[in-house]
Amino acid sequence: KKLGNYAPRHNTFTAIYFTMTGLHALHILGGVLVIAYLWGPGSRMWKNDPERFTNRVEIAGLYWHFVDLVWVFVFPVLYLF
């Protein structure tokens, strides 16, 4: 019964913790799917339109690094305090 007090519905910290960790996981999954697509089936665009393909790879890299940068700030706030 005592551990039930730490459920997200009773504790604001755990609610924020699980929400932020889950949102980060979803963004990581989205980035992995985009990079996998560009590495696999999307790489055929390199033959047809290399400039457009390069732009898409660059945007995917910017997205990936943005998610990484956000995690650099979220990690210390959630895990180290």
# chains A, B, ... in the order shown; residues from 1 in each chain; ligands from 1
>>> residues_around(residues="segment 57-63 of chain A", least_positions_apart="3", cutoff="8 Å", atoms="only C-alpha atoms", output="list in words")
Gly31, Val34, Ile35, Leu38, Phe53, Thr54, Phe66 and Val67 of chain A
>>> write_last_selection(atoms="all heavy atoms", output="CSV table (one decimal), in the first residue's frame")
chain,number,residue,atom,x,y,z
A,31,GLY,N,12.8,9.3,-34.9
A,31,GLY,CA,14.1,9.6,-35.6
A,31,GLY,C,14.7,8.4,-36.1
A,31,GLY,O,15.3,8.4,-37.2
A,34,VAL,N,12.9,7.4,-39.4
A,34,VAL,CA,13.3,8.3,-40.5
A,34,VAL,C,14.7,8.0,-41.0
A,34,VAL,O,14.9,7.9,-42.2
A,34,VAL,CB,13.1,9.8,-40.1
A,34,VAL,CG1,13.8,10.7,-41.1
A,34,VAL,CG2,11.7,10.2,-39.9
A,35,ILE,N,15.6,7.8,-40.1
A,35,ILE,CA,17.0,7.5,-40.5
A,35,ILE,C,17.0,6.1,-41.2
A,35,ILE,O,17.7,5.9,-42.2
A,35,ILE,CB,17.9,7.6,-39.3
A,35,ILE,CG1,18.1,9.1,-38.9
A,35,ILE,CG2,19.3,7.0,-39.7
A,35,ILE,CD1,18.8,9.3,-37.6
A,38,LEU,N,15.7,6.5,-44.7
A,38,LEU,CA,16.7,7.2,-45.6
A,38,LEU,C,17.9,6.3,-45.9
A,38,LEU,O,18.5,6.4,-47.0
A,38,LEU,CB,17.1,8.5,-45.0
A,38,LEU,CG,16.1,9.6,-44.9
A,38,LEU,CD1,16.6,10.8,-44.1
A,38,LEU,CD2,15.7,10.1,-46.3
A,53,PHE,N,17.9,14.6,-51.7
A,53,PHE,CA,18.2,13.5,-50.8
A,53,PHE,C,19.1,14.0,-49.7
A,53,PHE,O,18.9,13.8,-48.5
A,53,PHE,CB,18.8,12.3,-51.5
A,53,PHE,CG,19.2,11.2,-50.6
A,53,PHE,CD1,18.3,10.4,-50.0
A,53,PHE,CD2,20.5,11.0,-50.3
A,53,PHE,CE1,18.6,9.4,-49.1
A,53,PHE,CE2,20.9,10.0,-49.4
A,53,PHE,CZ,20.0,9.2,-48.8
A,54,THR,N,20.1,14.8,-50.1
A,54,THR,CA,21.1,15.3,-49.2
A,54,THR,C,20.4,16.3,-48.2
A,54,THR,O,20.7,16.3,-47.0
A,54,THR,CB,22.2,16.1,-49.9
A,54,THR,OG1,22.8,15.2,-50.9
A,54,THR,CG2,23.3,16.6,-49.0
A,66,PHE,N,18.7,17.7,-32.3
A,66,PHE,CA,17.8,18.5,-31.5
A,66,PHE,C,17.2,17.6,-30.3
A,66,PHE,O,17.2,18.0,-29.2
A,66,PHE,CB,16.6,19.1,-32.3
A,66,PHE,CG,15.6,19.7,-31.4
A,66,PHE,CD1,15.8,20.9,-30.8
A,66,PHE,CD2,14.4,19.1,-31.2
A,66,PHE,CE1,14.9,21.5,-30.0
A,66,PHE,CE2,13.4,19.7,-30.4
A,66,PHE,CZ,13.7,20.9,-29.8
A,67,VAL,N,16.8,16.4,-30.7
A,67,VAL,CA,16.3,15.5,-29.7
A,67,VAL,C,17.4,15.2,-28.7
A,67,VAL,O,17.2,15.1,-27.5
A,67,VAL,CB,15.8,14.2,-30.3
A,67,VAL,CG1,15.4,13.1,-29.3
A,67,VAL,CG2,14.5,14.5,-31.1
>>> closest_residue(among="A:Ala7, A:Ala15, A:Met45, A:Met20", to="Val77 of chain A", atoms="only C-alpha atoms")
A:Met20
>>> residues_around(residues="Tyr17 of chain A", least_positions_apart="3", cutoff="9 Å", atoms="only C-alpha atoms", output="list in words")
Pro8, Thr12, Phe13, Thr14, Met20, Thr21, Gly22, Leu78 and Tyr79 of chain A
>>> closest_residue(among="A:Asp49, A:Val70, A:Asn11, A:Arg44", to="His24 of chain A", atoms="only C-alpha atoms")
A:Val70
>>> decode(residues="chain A", atoms="C-alpha atoms", output="short mmCIF file (atom, residue, chain, number, x, y, z; two decimals), in the first residue's frame")
data_model
loop_
_atom_site.label_atom_id
_atom_site.label_comp_id
_atom_site.auth_asym_id
_atom_site.auth_seq_id
_atom_site.Cartn_x
_atom_site.Cartn_y
_atom_site.Cartn_z
CA LYS A 1 0.00 0.00 0.00
CA LYS A 2 2.87 2.35 0.75
CA LEU A 3 4.31 2.01 -2.77
CA GLY A 4 0.95 3.00 -4.25
CA ASN A 5 1.65 6.56 -3.14
CA TYR A 6 4.40 6.77 -5.76
CA ALA A 7 2.12 6.04 -8.70
CA PRO A 8 1.96 8.82 -11.31
CA ARG A 9 -1.59 9.69 -10.32
CA HIS A 10 -0.49 10.40 -6.74
CA ASN A 11 2.93 11.91 -7.28
CA THR A 12 3.60 14.85 -9.60
CA PHE A 13 7.29 14.05 -9.98
CA THR A 14 6.70 10.52 -11.22
CA ALA A 15 3.96 11.75 -13.57
CA ILE A 16 6.32 14.28 -15.14
CA TYR A 17 9.17 11.76 -15.11
CA PHE A 18 7.26 9.08 -17.01
CA THR A 19 5.67 11.61 -19.37
CA MET A 20 8.98 13.23 -20.34
CA THR A 21 10.77 9.88 -20.65
CA GLY A 22 7.94 8.47 -22.77
CA LEU A 23 7.84 11.53 -25.03
CA HIS A 24 11.58 11.33 -25.50
CA ALA A 25 11.30 7.64 -26.36
CA LEU A 26 8.64 8.43 -28.98
CA HIS A 27 10.85 11.08 -30.54
CA ILE A 28 13.81 8.70 -30.58
CA LEU A 29 11.66 6.05 -32.27
CA GLY A 30 10.50 8.59 -34.87
CA GLY A 31 14.09 9.62 -35.58
CA VAL A 32 15.22 6.01 -35.89
CA LEU A 33 12.40 5.27 -38.34
CA VAL A 34 13.25 8.29 -40.51
CA ILE A 35 16.97 7.49 -40.53
CA ALA A 36 16.24 3.83 -41.31
CA TYR A 37 14.01 4.88 -44.19
CA LEU A 38 16.66 7.21 -45.59
CA TRP A 39 19.29 4.52 -45.22
CA GLY A 40 17.12 1.83 -46.85
CA PRO A 41 14.34 2.46 -49.35
CA GLY A 42 14.77 6.24 -49.38
CA SER A 43 18.36 5.96 -50.58
CA ARG A 44 17.07 5.36 -54.12
CA MET A 45 16.44 9.11 -54.26
CA TRP A 46 20.22 9.58 -54.37
CA LYS A 47 20.25 8.40 -57.99
CA ASN A 48 17.29 10.53 -59.12
CA ASP A 49 17.69 13.75 -57.12
CA PRO A 50 20.88 13.82 -55.00
CA GLU A 51 20.41 17.42 -53.84
CA ARG A 52 16.95 16.71 -52.43
CA PHE A 53 18.17 13.50 -50.78
CA THR A 54 21.09 15.33 -49.18
CA ASN A 55 18.70 17.96 -47.83
CA ARG A 56 16.49 15.28 -46.28
CA VAL A 57 19.47 13.60 -44.65
CA GLU A 58 20.59 16.96 -43.27
CA ILE A 59 17.14 17.71 -41.84
CA ALA A 60 16.98 14.23 -40.28
CA GLY A 61 20.38 14.89 -38.70
CA LEU A 62 19.22 18.25 -37.34
CA TYR A 63 16.14 16.58 -35.85
CA TRP A 64 18.26 13.84 -34.29
CA HIS A 65 20.66 16.33 -32.73
CA PHE A 66 17.79 18.48 -31.47
CA VAL A 67 16.32 15.47 -29.65
CA ASP A 68 19.78 14.73 -28.28
CA LEU A 69 20.24 18.32 -27.12
CA VAL A 70 16.86 18.33 -25.38
CA TRP A 71 17.84 15.12 -23.59
CA VAL A 72 21.06 16.78 -22.37
CA PHE A 73 18.85 19.21 -20.44
CA VAL A 74 16.05 16.82 -19.49
CA PHE A 75 18.38 14.14 -18.11
CA PRO A 76 19.95 16.24 -15.35
CA VAL A 77 16.65 17.79 -14.35
CA LEU A 78 14.77 14.49 -14.06
CA TYR A 79 17.43 12.01 -13.06
CA LEU A 80 20.02 13.93 -11.09
CA PHE A 81 17.84 16.14 -8.87
#
